[in-house]
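Data from run.txt: compact mmCIF, C-alpha atoms
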```txt
# COMPACT_ATOMS: atom_id res chain seq x y z
CA MET A 1 12.96 3.88 5.85
CA MET A 2 15.11 6.98 5.68
CA ARG A 3 17.11 5.79 2.68
CA ALA A 4 13.88 5.58 0.68
CA TRP A 5 13.67 9.36 0.90
CA ILE A 6 17.30 10.18 0.04
CA LEU A 7 16.78 10.53 -3.72
CA PRO A 8 13.56 12.61 -3.45
CA MET A 9 15.19 14.90 -0.89
CA LEU A 10 18.28 15.32 -3.08
CA LEU A 11 16.06 16.21 -6.03
CA VAL A 12 14.19 18.86 -4.04
CA LEU A 13 17.43 20.32 -2.64
CA SER A 14 19.10 20.32 -6.07
CA GLY A 15 16.07 21.94 -7.64
CA SER A 16 16.05 24.58 -4.93
CA ALA A 17 19.75 25.31 -5.40
CA LEU A 18 19.50 25.50 -9.19
CA THR A 19 16.44 27.71 -9.29
CA THR A 20 17.44 30.12 -6.52
CA GLY A 21 20.01 31.87 -8.69
CA GLN A 22 17.74 31.89 -11.76
CA PHE A 23 14.69 33.28 -9.99
CA LYS A 24 15.76 36.96 -10.29
CA GLU A 25 16.65 36.63 -13.99
CA SER A 26 13.74 34.50 -15.18
CA PRO A 27 11.10 33.68 -12.58
CA GLY A 28 8.96 31.68 -15.03
CA THR A 29 11.82 29.42 -16.09
CA ALA A 30 12.93 28.99 -12.49
CA ALA A 31 9.41 28.04 -11.39
CA ALA A 32 9.05 25.52 -14.25
CA LEU A 33 12.44 24.00 -13.45
CA PHE A 34 11.63 23.73 -9.75
CA LEU A 35 8.26 22.17 -10.57
CA THR A 36 10.07 19.60 -12.73
CA PHE A 37 12.34 18.71 -9.80
CA LEU A 38 9.31 18.41 -7.50
CA VAL A 39 7.57 16.06 -9.93
CA LEU A 40 10.71 13.93 -10.19
CA ALA A 41 10.96 13.85 -6.40
CA GLY A 42 7.34 12.75 -6.15
CA VAL A 43 7.75 10.02 -8.74
CA THR A 44 10.86 8.60 -7.05
CA SER A 45 9.33 8.73 -3.57
CA PRO A 46 7.54 5.82 -1.91
CA LEU A 47 4.32 7.85 -1.99
CA ILE A 48 3.26 6.66 -5.45
CA PHE A 49 3.17 3.03 -4.36
CA PRO A 50 0.29 1.37 -2.52
CA ARG A 51 0.95 0.61 1.12
CA SER A 52 3.47 -2.20 1.52
CA ILE A 53 2.79 -5.30 3.57
CA GLU A 54 5.12 -8.01 4.84
CA ALA A 55 6.16 -10.77 2.46
CA GLN A 56 4.53 -13.55 4.47
CA GLU A 57 1.21 -11.71 4.60
CA ALA A 58 1.37 -10.84 0.89
CA GLN A 59 2.03 -14.45 -0.05
CA ARG A 60 -0.83 -15.61 2.16
CA ARG A 61 -3.22 -13.07 0.62
CA GLY A 62 -2.01 -13.91 -2.88
CA ALA A 63 -2.75 -17.59 -2.30
CA VAL A 64 -6.25 -16.74 -1.09
CA ASP A 65 -7.31 -14.17 -3.70
CA GLY A 66 -5.04 -15.14 -6.63
CA ARG A 67 -3.55 -11.68 -7.01
CA PRO A 68 0.15 -11.26 -7.86
CA VAL A 69 2.69 -10.16 -5.27
CA VAL A 70 5.13 -7.43 -6.32
CA PHE A 71 8.47 -7.11 -4.56
CA TRP A 72 9.82 -3.57 -5.05
CA ARG A 73 12.09 -0.96 -3.49
CA PRO A 74 11.93 2.85 -3.46
CA GLY A 75 13.93 4.64 -6.14
CA CYS A 76 13.90 1.69 -8.56
CA THR A 77 13.13 3.07 -12.01
CA TYR A 78 11.75 -0.27 -13.20
CA CYS A 79 9.41 -0.40 -10.20
CA ILE A 80 8.27 3.14 -10.93
CA ARG A 81 7.69 2.20 -14.58
CA LEU A 82 5.62 -0.82 -13.52
CA ARG A 83 3.59 1.22 -11.03
CA ILE A 84 2.85 4.03 -13.47
CA ARG A 85 2.00 1.74 -16.40
CA LEU A 86 -0.36 -0.33 -14.25
CA GLY A 87 -2.33 2.76 -13.29
CA ARG A 88 -5.29 1.99 -11.04
CA SER A 89 -4.73 -1.74 -11.47
CA ALA A 90 -1.68 -1.40 -9.21
CA ARG A 91 -3.98 -1.17 -6.20
CA GLN A 92 -5.15 -4.72 -6.85
CA LEU A 93 -1.65 -6.16 -6.38
CA HIS A 94 0.08 -6.97 -3.10
CA TRP A 95 3.16 -4.72 -2.83
CA VAL A 96 6.13 -5.66 -0.63
CA ASN A 97 9.00 -3.23 -0.02
CA ILE A 98 12.19 -5.31 0.20
CA TRP A 99 13.96 -2.56 2.15
CA ARG A 100 11.43 -2.86 4.96
CA ASP A 101 11.19 -6.64 5.10
CA PRO A 102 14.33 -8.80 5.30
CA ALA A 103 12.28 -11.91 4.46
CA ALA A 104 11.12 -10.21 1.26
CA ALA A 105 14.70 -9.35 0.30
CA ALA A 106 15.67 -12.98 0.93
CA ALA A 107 12.79 -14.19 -1.25
CA VAL A 108 13.89 -11.90 -4.09
CA ARG A 109 17.51 -13.07 -3.77
CA ALA A 110 16.34 -16.70 -3.89
CA ALA A 111 14.38 -16.02 -7.07
CA ASN A 112 17.16 -14.03 -8.80
CA ASP A 113 20.40 -15.97 -8.28
CA GLY A 114 21.36 -14.02 -5.15
CA ASN A 115 20.56 -10.57 -6.59
CA GLU A 116 17.94 -8.19 -5.22
CA THR A 117 16.51 -7.52 -8.67
CA VAL A 118 13.17 -5.75 -8.56
CA PRO A 119 10.43 -5.61 -9.50
CA THR A 120 9.97 -9.31 -8.97
CA VAL A 121 6.36 -10.34 -9.46
CA VAL A 122 5.18 -13.65 -8.04
CA VAL A 123 2.20 -15.19 -9.79
CA ALA A 124 0.88 -18.56 -8.58
CA GLY A 125 4.15 -19.17 -6.72
CA GLN A 126 6.33 -18.49 -9.79
CA PRO A 127 8.64 -15.43 -9.72
CA HIS A 128 8.95 -13.21 -12.79
CA THR A 129 11.67 -10.56 -12.83
CA ASN A 130 10.82 -7.18 -14.35
CA PRO A 131 7.81 -8.41 -16.34
CA ASP A 132 5.90 -6.33 -18.85
CA PRO A 133 3.18 -4.27 -17.09
CA GLU A 134 0.56 -5.47 -19.58
CA TRP A 135 1.40 -9.07 -18.73
CA VAL A 136 1.06 -8.28 -15.02
CA ARG A 137 -2.34 -6.68 -15.65
CA GLU A 138 -3.45 -9.85 -17.48
CA GLN A 139 -2.52 -11.93 -14.41
CA LEU A 140 -5.13 -10.20 -12.25
CA PRO A 141 -8.18 -12.30 -11.49
CA PRO A 142 -11.29 -11.23 -13.45
CA SER A 143 -13.18 -10.34 -10.27
CA ALA A 144 -10.39 -8.03 -9.08
```
In C-alpha cells, what does this structure look like?
Amino acid sequence: MMRAWILPMLLVLSGSALTTGQFKESPGTAAALFLTFLVLAGVTSPLIFPRSIEAQEAQRRGAVDGRPVVFWRPGCTYCIRLRIRLGRSARQLHWVNIWRDPAAAAAVRAANDGNETVPTVVVAGQPHTNPDPEWVREQLPPSA
C-alpha cells in the first residue's frame, strides 16, 4: 500500500521545496504553485477512486448485478483519466486495485498477454484494455 502514496508524497515534497524559496519574493505565486502541486498529489493518490474490493468478490458482484469490473492501480494516468471522465458513474463500477490483490494482477496479465496493463475493464466476462470512458458508461445497466 505504501508504494501507492510515493508519487503523491513526492509531489507534495517537491512543491514544498520549490515554493519555500519563492515565498519571500512572491507569496501569491508560491501559494498558487504549491496549490497546483497539492491538486496533482490529490489526483494521483488512491483517494479519488472508490474503495477497492478483491477480484473474486468484484467478479461475483459483476455477475449478479451486471456492472463492469475495473482493474486499476494507483498512479496510472489512464486510470485517473477513466475515473475523472466517468464522474459520479464511477461509483457504480466495481474497482479492483491490482497492487493490493495478486489474483487481480494475474487476471490482468492473463487478459493482456502477460502485461499488467490498466485500466482493464471486464464487461460480461470480456476484458477491454483502456476503453473509452463513454463506452464504459454505456455498459452500465439502466437501473444502476
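Compared by their closest atoms to Arg73 in chain A, and using all atoms listed in the file, the residues A:Leu33, A:Ala106, A:Ala4, A:Val12 rank with A:Ala4 nearest.
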Compute the distance from (12.5, 10.3, -2.6) to each atom, counting all atoms listed in the file, keep the residues with any atom at most 6 Å away, and return them as number ranges by chain; use the coordinates of the file. A: 4-9, 41, 44-45
So the first atom is CA of Ala124 in chain A and the second is CA of Leu93 in chain A; what is the distance between them in Å, to one decimal place?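 About the pair CA of Ala124 in chain A and CA of Leu93 in chain A: they are 12.8 Å apart.
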I'd like the interatomic distance between CA of Ile48 in chain A and CA of Ile80 in chain A, to a tenth of an Å. 8.2 Å
Could you list, as a list in words, every residue within 10 Å of Glu116 in chain A, counting all atoms listed in the file and ignoring same-chain residues fewer than 2 positions away?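 In the requested form, the answer reads Phe71, Trp72, Arg73, Ile98, Ala104, Ala105, Ala106, Ala107, Val108, Arg109, Ala110, Ala111, Asn112, Asp113, Gly114, Val118, Pro119 and Thr120 of chain A.
Note that the spacing between CA of Arg85 in chain A and CA of Pro133 in chain A amounts to 6.2 Å.
Among the candidates A:Ala103, A:Leu10, A:Val43, A:Leu140, the one nearest to Tyr78 in chain A when counting all atoms listed in the file is A:Val43.
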Around all the atoms of range 76-81 of chain A listed in the file, draw an axis-aligned box and extend it by 6 Å on each of the six sides; I want its centre and edge lengths in Å to one decimal, as JSON.
```
{"center_x": 10.8, "center_y": 1.4, "center_z": -11.6, "size_x": 18.2, "size_y": 15.5, "size_z": 18.0}
```
Would you mind telling me which residue in A:Arg3, A:Phe34, A:Leu40, A:Gly28 lies nearest to Ser16 in chain A when using all atoms listed in the file?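 Result for the nearest residue to Ser16 in chain A: A:Phe34.
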For range 110-121 of chain A, supply N, CA, C and O atoms and format the output as a PDB file, in the coordinates of the input.
```pdb
ATOM      1  N   ALA A 110      16.519 -15.279  -3.548  1.00  0.00           N
ATOM      2  CA  ALA A 110      16.340 -16.700  -3.890  1.00  0.00           C
ATOM      3  C   ALA A 110      15.795 -16.859  -5.303  1.00  0.00           C
ATOM      4  O   ALA A 110      16.147 -17.814  -5.999  1.00  0.00           O
ATOM      5  N   ALA A 111      14.975 -15.932  -5.737  1.00  0.00           N
ATOM      6  CA  ALA A 111      14.380 -16.020  -7.070  1.00  0.00           C
ATOM      7  C   ALA A 111      15.299 -15.491  -8.169  1.00  0.00           C
ATOM      8  O   ALA A 111      15.089 -15.786  -9.347  1.00  0.00           O
ATOM      9  N   ASN A 112      16.323 -14.704  -7.803  1.00  0.00           N
ATOM     10  CA  ASN A 112      17.160 -14.030  -8.800  1.00  0.00           C
ATOM     11  C   ASN A 112      18.649 -14.318  -8.625  1.00  0.00           C
ATOM     12  O   ASN A 112      19.474 -13.408  -8.726  1.00  0.00           O
ATOM     13  N   ASP A 113      18.997 -15.547  -8.364  1.00  0.00           N
ATOM     14  CA  ASP A 113      20.400 -15.970  -8.280  1.00  0.00           C
ATOM     15  C   ASP A 113      21.224 -15.129  -7.304  1.00  0.00           C
ATOM     16  O   ASP A 113      22.361 -14.759  -7.594  1.00  0.00           O
ATOM     17  N   GLY A 114      20.632 -14.771  -6.171  1.00  0.00           N
ATOM     18  CA  GLY A 114      21.360 -14.020  -5.150  1.00  0.00           C
ATOM     19  C   GLY A 114      21.304 -12.513  -5.310  1.00  0.00           C
ATOM     20  O   GLY A 114      21.838 -11.791  -4.481  1.00  0.00           O
ATOM     21  N   ASN A 115      20.662 -12.019  -6.353  1.00  0.00           N
ATOM     22  CA  ASN A 115      20.560 -10.570  -6.590  1.00  0.00           C
ATOM     23  C   ASN A 115      19.213 -10.053  -6.107  1.00  0.00           C
ATOM     24  O   ASN A 115      18.201 -10.744  -6.208  1.00  0.00           O
ATOM     25  N   GLU A 116      19.195  -8.828  -5.635  1.00  0.00           N
ATOM     26  CA  GLU A 116      17.940  -8.190  -5.220  1.00  0.00           C
ATOM     27  C   GLU A 116      17.364  -7.419  -6.404  1.00  0.00           C
ATOM     28  O   GLU A 116      17.198  -6.207  -6.350  1.00  0.00           O
ATOM     29  N   THR A 117      17.031  -8.128  -7.462  1.00  0.00           N
ATOM     30  CA  THR A 117      16.510  -7.520  -8.670  1.00  0.00           C
ATOM     31  C   THR A 117      15.003  -7.320  -8.528  1.00  0.00           C
ATOM     32  O   THR A 117      14.254  -8.270  -8.314  1.00  0.00           O
ATOM     33  N   VAL A 118      14.590  -6.081  -8.657  1.00  0.00           N
ATOM     34  CA  VAL A 118      13.170  -5.750  -8.560  1.00  0.00           C
ATOM     35  C   VAL A 118      12.773  -4.918  -9.773  1.00  0.00           C
ATOM     36  O   VAL A 118      13.633  -4.311 -10.405  1.00  0.00           O
ATOM     37  N   PRO A 119      11.516  -4.907 -10.139  1.00  0.00           N
ATOM     38  CA  PRO A 119      10.430  -5.610  -9.500  1.00  0.00           C
ATOM     39  C   PRO A 119      10.454  -7.105  -9.818  1.00  0.00           C
ATOM     40  O   PRO A 119      10.737  -7.506 -10.932  1.00  0.00           O
ATOM     41  N   THR A 120      10.164  -7.885  -8.807  1.00  0.00           N
ATOM     42  CA  THR A 120       9.970  -9.310  -8.970  1.00  0.00           C
ATOM     43  C   THR A 120       8.511  -9.580  -8.644  1.00  0.00           C
ATOM     44  O   THR A 120       8.059  -9.269  -7.542  1.00  0.00           O
ATOM     45  N   VAL A 121       7.789 -10.096  -9.610  1.00  0.00           N
ATOM     46  CA  VAL A 121       6.360 -10.340  -9.460  1.00  0.00           C
ATOM     47  C   VAL A 121       6.145 -11.846  -9.326  1.00  0.00           C
ATOM     48  O   VAL A 121       6.588 -12.613 -10.175  1.00  0.00           O
TER      49      VAL A 121
END
```
